[in-house]
Amino acid sequence: MTDSLFDAGDYNYDDVKALPISSDQPGELCQIMYDDEYREVMGIARALLKKHELTERALHAVSEAIQLVPAFYTMWNYRFQIVKQLHGNDAAKLNAELDWLDEFTLNNPKNYQIWSYRQALLQMHPNPQFPRELPVLQSMIDDDTKNYHVWSYRRWCVNYFQNFEHELEFASDLIARDVYNNSAWCHRMFVLKSQFNSQPPAELLTTELHYTKTAIELAPQNISPWNYIRGIHLEFLNDKFDADIITFASRFTSDIFESPASPPQILSSYALEMLAYVYAQDPSTHEKAKCAYQALSDNYDPIRKNFWDFRIRSLTA
Amino acid sequence: MGDLSLKTIKFINAQLLGRKRPTIEVVAEDQTALESSPVSMTFLSTETTEEREQVLADCQDLYESLKNTEVTLLKEFHKKYLDYPFNNALPKQMKALDASQPWILYWIACSLRLMDKTWLGEPVQRKIYAKIFAASLEKGPFCGGMGQDPHLVCTYAAINSLALCDSVDDCWSQINRQAIYDWLLSLKCSNSGFKTGVAVGECDSRSTYCALSVAKMLNILTTELCEGVEGFLLGCQTYEGGFGACPQEDEAHGGYTFCATAGLSILNSLHKCNILRLAEWCSARQTAEEKGFSGRSNKLVDGCYSYWVGAVNSLLEIHGYGSFIDKGALQEYILKCCQSSERPGLRDKPGKSPDYYHTTYVLMGFSLTEHLLEVTKQTEPISVKSTTNGFQLEPVNPVFGLPAEDVTKFIDFMSQLPQVC
């Protein structure tokens with residue numbers, strides 16, 4: 001393997017003949033002009049895969065291939081088969097694999113394949129540890145606070161280990177850093193719904209509502225906490241809103257209901273939207289609901305006119 | 001609140017991205033901004049608002065400079081961008097898509113076909129099925145490329161690519177429906193979702209939609225395959241109204257919301273989700289300033305959501321619930337912000353480069369704004385036709401992400417074939 005573009009590391013691949021990685025048919029559509037390194041590395045990895053070789057040197061070849069194209073899912077499948085065969089029940093070796101994966105993850109934050117591979121590893125691990133997962137997740141979110149895959153994986157992990165201890169605090173830290181981080185707001189709802197089997201204690205709901213109101217006071221025109229307040233009511237309070245929450249929302253809508261003809265400047269269209277929703281629940285306040293939806297349609301959020309008009313129509317019907 | 005309404009509060013985060021940052025409060029007065037806007041500009045400055053302000057400025061510049069210009073879709077111009085990869089090899093950095101080759105074919109072929117049916121001629125259709133079949137085990141299921149493992153979302157892209165080929169050389173008859181069916185059954189998880197591959201792979205609303213779409217297209221959607229899937233998808237709807245990746249309170253997201261609602265449409269179960277919340281969430285994706293859609297609350301506008309979110313709106317429309325978006329405004333975003341006369345192809349937003357993915361989904365989103373769709377069979381609202389004349393693009397089927405006519409032809413063809421077991 002002299003003059004090879006494939007870094008063999010500590011292993012010997014002299015007996016492995018690289019497989020072709022494309023048909024090389026003339027006129028093939030969208031043929032990629034593979035460079036020689038890619039052809040060789042991927043060709044060797046594919047040759048080993050074809051033999052179904054589950055060895056340390058195969059693992060090394062797979063690592064080399066994945067480095068070149070992280071989205072190459074076939075190599076992740078193969079990697080899993082190798083690791084299962086070689087380290088299946090060995091906690092220390094699986095931890096070493098997780099170490100490798102941590103580093104790979106930090107260098108490839110947008111990759112799709114890492115997370116299901118990671119789940120598969122933990123499910124195979126004889127003694128998986130939740131604290132082992134936290135630093136890499138923290139670091140990934142620090143760098144990209146709304147990374148969808150990381151948040152989703154974190155929720156999977158929390159459910160898997162049934163450890164909700166750090167979650168509200170984790171979300172609070174991110175909301176303190178950026179009150180508009182909707183991923184962090186959603187994480188709070190995840191905790192409320194998953195930790196308590198959809199029946200969170202009343203005190204916790206009170207605390208959450210208080211927390212959310214404080215965040216709204218800092219930045220009233222922010223859809224995330226308003227959605228969260230409505231979500232708490234929808235999921236846990238039979239969608240019934242008490243006088244306190246109506247008074248609170250009214251603080252952000254000026255005197256809109258007194259002077260709809262000369263619309264005042266308001267602090268939050270989302271507050272008005274919530275009031276409209278609440279007023280629409282009771283026939284005695286339908287006129288107020290219509291007034292609010294009309295104001296949203298005409299003045300405060302006209303791009304959503306079709307939705308507001310739909311709401312008005314359903315109130316009239 | 002009186003004090004607040006007179007002043008703009010700004011919190012400036014001083015350190016670099018990626019570090020925990022202390023929050024510093026700065027109070028500033030900005031009377032002009034306050035007076036011009038019906039909603040007070042009182043806000044905190046954070047990463048979210050800083051990024052959005054940059055995008056807003058870029059969009060405003062374009063809207064301002066094109067204010068009195070009648071902009072149309074530059075079809076011939078974009079054709080150049082799409083013809084190139086069908087006539088030339090792709091540069092080596094495209095190896096990043098080496099495991100997604102059916103997607104490249106689907107995106108390019110679908111875009112050409114939407115702009116002009118004749119732009120996808122028989123010689124290219126022959127090359128498409130040849131390449132798709134070469135990247136398969138026995139003509140189904142399909143893989144990302146030659147010698148790779150079968151993959152569910154690649155199989156979706158492969159079937160959609162084949163559907164664009166008019167069964168040239170009778171290629172539709174050659175698809176191995178039985179093998180695809182058996183494989184789909186093997187991908188079903190204990191939570192009734194489908195995972196992308198047998199060994200490892202994600203199981204979410206996206207992979208589950210791909211399974212349903214492939215099965216419906218091929219007429220292999222049996223009761224056994226469908227069992228429990230509706231519950232899986234309904235479980236992905238969140239308190240915000242949109243749908244997330246997995247039924248574990250994942251954040252509502254444009255792409256996953258499309259997948260879940262299109263999947264529910266295939267199962268004839270869309271009415272079982274919370275329609276009001278869904279309609280509200282859909283409409284909230286559009287903002288007055290950018291005019292295009294974001295994929296999640298407090299995220300940036302992106303042209304691809306013209307389809308992902310636009311198609312959800314179209315699904316609501318063909319199910320008789322109405323339309324909840326401003327289609328005219330969306331057209332303006334697409335024509336002025338996703339299109340540039342300097343470079344062919346369509347893009348995410350100003351400042352980004354065009355790519356095949358965005359070109360397809362921006363075009364499909366544009367088509368949905370042009371056509372009024374109507375279902376061809378009321379009992380099964382998955383096949384549509386357009387009732388509109390004078391359009392720039394062919395009508396799109398918002399369930400399968402293909403020109404409406406191609407879907408109808410493909411499904412009609414498959415309905416003549418024997419059942420699988």
# chains A, B, ... in the order shown; residues from 1 in each chain; ligands from 1
call {"tool": "residues_around", "arguments": {"residues": "range 236-244 of chain A", "least_positions_apart": "3", "cutoff": "12 Å", "atoms": "only C-alpha atoms", "output": "PyMOL selection string"}}
result
(chain A and resi 189+192-193+196-202+204-206+209-210+213+228-233+247-251+274-282) or (chain B and resi 239)
call {"tool": "select_by_dssp", "arguments": {"residues": "range 97-140 of chain B", "states": "alpha helix (DSSP H)", "output": "number ranges by chain"}}
result
B: 101-115, 122-134
call {"tool": "closest_residue", "arguments": {"among": "A:Asp7, A:Asp178, A:Glu103, A:Glu37", "to": "chain B", "atoms": "only C-alpha atoms"}}
result
A:Asp178
call {"tool": "residues_around", "arguments": {"residues": "range 301-306 of chain B", "least_positions_apart": "6", "cutoff": "6 Å", "atoms": "only C-alpha atoms", "output": "number ranges by chain"}}
result
B: 292-294, 348-349, 358, 361-362, 365
call {"tool": "write_last_selection", "arguments": {"atoms": "C-alpha atoms", "output": "CSV table (one decimal), in the first residue's frame"}}
result
chain,number,residue,atom,x,y,z
B,292,GLY,CA,-41.6,34.8,3.4
B,293,PHE,CA,-41.9,32.0,6.0
B,294,SER,CA,-39.8,30.9,8.9
B,348,ASP,CA,-32.8,30.5,0.9
B,349,LYS,CA,-32.5,34.2,1.5
B,358,HIS,CA,-33.8,25.4,-2.5
B,361,TYR,CA,-38.8,23.8,-2.8
B,362,VAL,CA,-38.9,27.5,-3.7
B,365,GLY,CA,-43.9,26.9,-3.1
call {"tool": "closest_atom_pairs", "arguments": {"of": "range 206-247 of chain B", "to": "range 395-404 of chain B", "cutoff": "12 Å", "atoms": "only C-alpha atoms", "output": "Markdown table"}}
result
| residue | atom | partner | partner_atom | distance |
| --- | --- | --- | --- | --- |
| B:Tyr209 | CA | B:Phe400 | CA | 9.5 |
| B:Cys210 | CA | B:Phe400 | CA | 9.2 |
| B:Ala211 | CA | B:Phe400 | CA | 11.5 |
| B:Leu212 | CA | B:Phe400 | CA | 9.9 |
| B:Ser213 | CA | B:Phe400 | CA | 6.5 |
| B:Val214 | CA | B:Phe400 | CA | 9.0 |
| B:Ala215 | CA | B:Phe400 | CA | 11.4 |
| B:Lys216 | CA | B:Phe400 | CA | 9.5 |
| B:Met217 | CA | B:Phe400 | CA | 8.5 |
call {"tool": "write_last_selection", "arguments": {"atoms": "N, CA and C atoms", "output": "mmCIF file, in the first residue's frame"}}
result
data_model
loop_
_atom_site.group_PDB
_atom_site.id
_atom_site.type_symbol
_atom_site.label_atom_id
_atom_site.label_comp_id
_atom_site.auth_asym_id
_atom_site.auth_seq_id
_atom_site.Cartn_x
_atom_site.Cartn_y
_atom_site.Cartn_z
ATOM 1 N N TYR B 209 -43.302 9.791 7.045
ATOM 2 C CA TYR B 209 -43.956 10.341 5.844
ATOM 3 C C TYR B 209 -43.403 9.658 4.598
ATOM 4 N N CYS B 210 -42.084 9.495 4.526
ATOM 5 C CA CYS B 210 -41.484 8.881 3.339
ATOM 6 C C CYS B 210 -42.040 7.480 3.122
ATOM 7 N N ALA B 211 -42.216 6.720 4.205
ATOM 8 C CA ALA B 211 -42.770 5.369 4.085
ATOM 9 C C ALA B 211 -44.193 5.427 3.529
ATOM 10 N N LEU B 212 -45.010 6.327 4.081
ATOM 11 C CA LEU B 212 -46.406 6.422 3.644
ATOM 12 C C LEU B 212 -46.500 6.879 2.194
ATOM 13 N N SER B 213 -45.661 7.852 1.838
ATOM 14 C CA SER B 213 -45.707 8.389 0.479
ATOM 15 C C SER B 213 -45.325 7.314 -0.533
ATOM 16 N N VAL B 214 -44.225 6.599 -0.250
ATOM 17 C CA VAL B 214 -43.768 5.533 -1.146
ATOM 18 C C VAL B 214 -44.852 4.460 -1.283
ATOM 19 N N ALA B 215 -45.418 4.063 -0.148
ATOM 20 C CA ALA B 215 -46.416 2.988 -0.171
ATOM 21 C C ALA B 215 -47.681 3.424 -0.912
ATOM 22 N N LYS B 216 -48.089 4.673 -0.685
ATOM 23 C CA LYS B 216 -49.303 5.145 -1.363
ATOM 24 C C LYS B 216 -49.072 5.234 -2.876
ATOM 25 N N MET B 217 -47.934 5.774 -3.244
ATOM 26 C CA MET B 217 -47.613 5.917 -4.668
ATOM 27 C C MET B 217 -47.604 4.550 -5.355
#
call {"tool": "closest_atom_pairs", "arguments": {"of": "range 258-282 of chain A", "to": "range 38-60 of chain B", "cutoff": "12 Å", "atoms": "only C-alpha atoms", "output": "JSON lines"}}
result
{"residue": "A:Ser262", "atom": "CA", "partner": "B:Pro38", "partner_atom": "CA", "distance": 11.2}
{"residue": "A:Pro263", "atom": "CA", "partner": "B:Pro38", "partner_atom": "CA", "distance": 8.1}
{"residue": "A:Pro264", "atom": "CA", "partner": "B:Pro38", "partner_atom": "CA", "distance": 7.2}
{"residue": "A:Gln265", "atom": "CA", "partner": "B:Pro38", "partner_atom": "CA", "distance": 4.8}
{"residue": "A:Ile266", "atom": "CA", "partner": "B:Val39", "partner_atom": "CA", "distance": 5.0}
{"residue": "A:Leu267", "atom": "CA", "partner": "B:Ser40", "partner_atom": "CA", "distance": 4.9}
{"residue": "A:Ser268", "atom": "CA", "partner": "B:Val39", "partner_atom": "CA", "distance": 6.1}
{"residue": "A:Ser269", "atom": "CA", "partner": "B:Val39", "partner_atom": "CA", "distance": 6.6}
{"residue": "A:Tyr270", "atom": "CA", "partner": "B:Val39", "partner_atom": "CA", "distance": 10.0}
{"residue": "A:Ala271", "atom": "CA", "partner": "B:Val39", "partner_atom": "CA", "distance": 10.9}
{"residue": "A:Leu272", "atom": "CA", "partner": "B:Val39", "partner_atom": "CA", "distance": 10.6}
call {"tool": "residues_around", "arguments": {"residues": "range 151-163 of chain B", "least_positions_apart": "3", "cutoff": "9 Å", "atoms": "only C-alpha atoms", "output": "ChimeraX atom specification"}}
result
/A:73-74 /B:99-107,109-110,125,128-129,132-133,136,140-144,148,166-167,171-172,175,180,184,187,194-198,201,206-208,210-211,213-214,217-218,400-402,406-407,409-410
call {"tool": "residues_around", "arguments": {"residues": "Ile108 in chain B", "least_positions_apart": "6", "cutoff": "8 Å", "atoms": "only C-alpha atoms", "output": "list in words"}}
result
Leu82, Tyr356 and Thr360 of chain B
call {"tool": "atom_distance", "arguments": {"atom1": "CA of Leu90 in chain B", "atom2": "CA of Cys30 in chain A"}}
result
5.9 Å
call {"tool": "atom_distance", "arguments": {"atom1": "CA of Met94 in chain B", "atom2": "CA of Met146 in chain B"}}
result
15.7 Å
call {"tool": "residues_around", "arguments": {"residues": "Gln195 in chain A", "least_positions_apart": "5", "cutoff": "12 Å", "atoms": "only C-alpha atoms", "output": "list in words"}}
result
Arg155, Val158, Asn159, Tyr160, Phe161, Gln162, Asn163, Phe164, Glu165, His166, Glu167, Leu168, His187, Arg188, Met189, Phe190, Pro200, Pro201 and Leu204 of chain A; Gln248 and Glu249 of chain B
call {"tool": "residues_around", "arguments": {"residues": "Thr214 in chain A", "least_positions_apart": "6", "cutoff": "10 Å", "atoms": "only C-alpha atoms", "output": "list in words"}}
result
Glu208, Pro220 and Pro225 of chain A
call {"tool": "closest_residue", "arguments": {"among": "B:Asp169, B:Glu138, B:Glu240, B:Glu76", "to": "chain A", "atoms": "only C-alpha atoms"}}
result
B:Glu240
call {"tool": "closest_residue", "arguments": {"among": "B:Thr376, B:Ile275, B:Gly241, B:Val124", "to": "Phe86 in chain B", "atoms": "only C-alpha atoms"}}
result
B:Val124
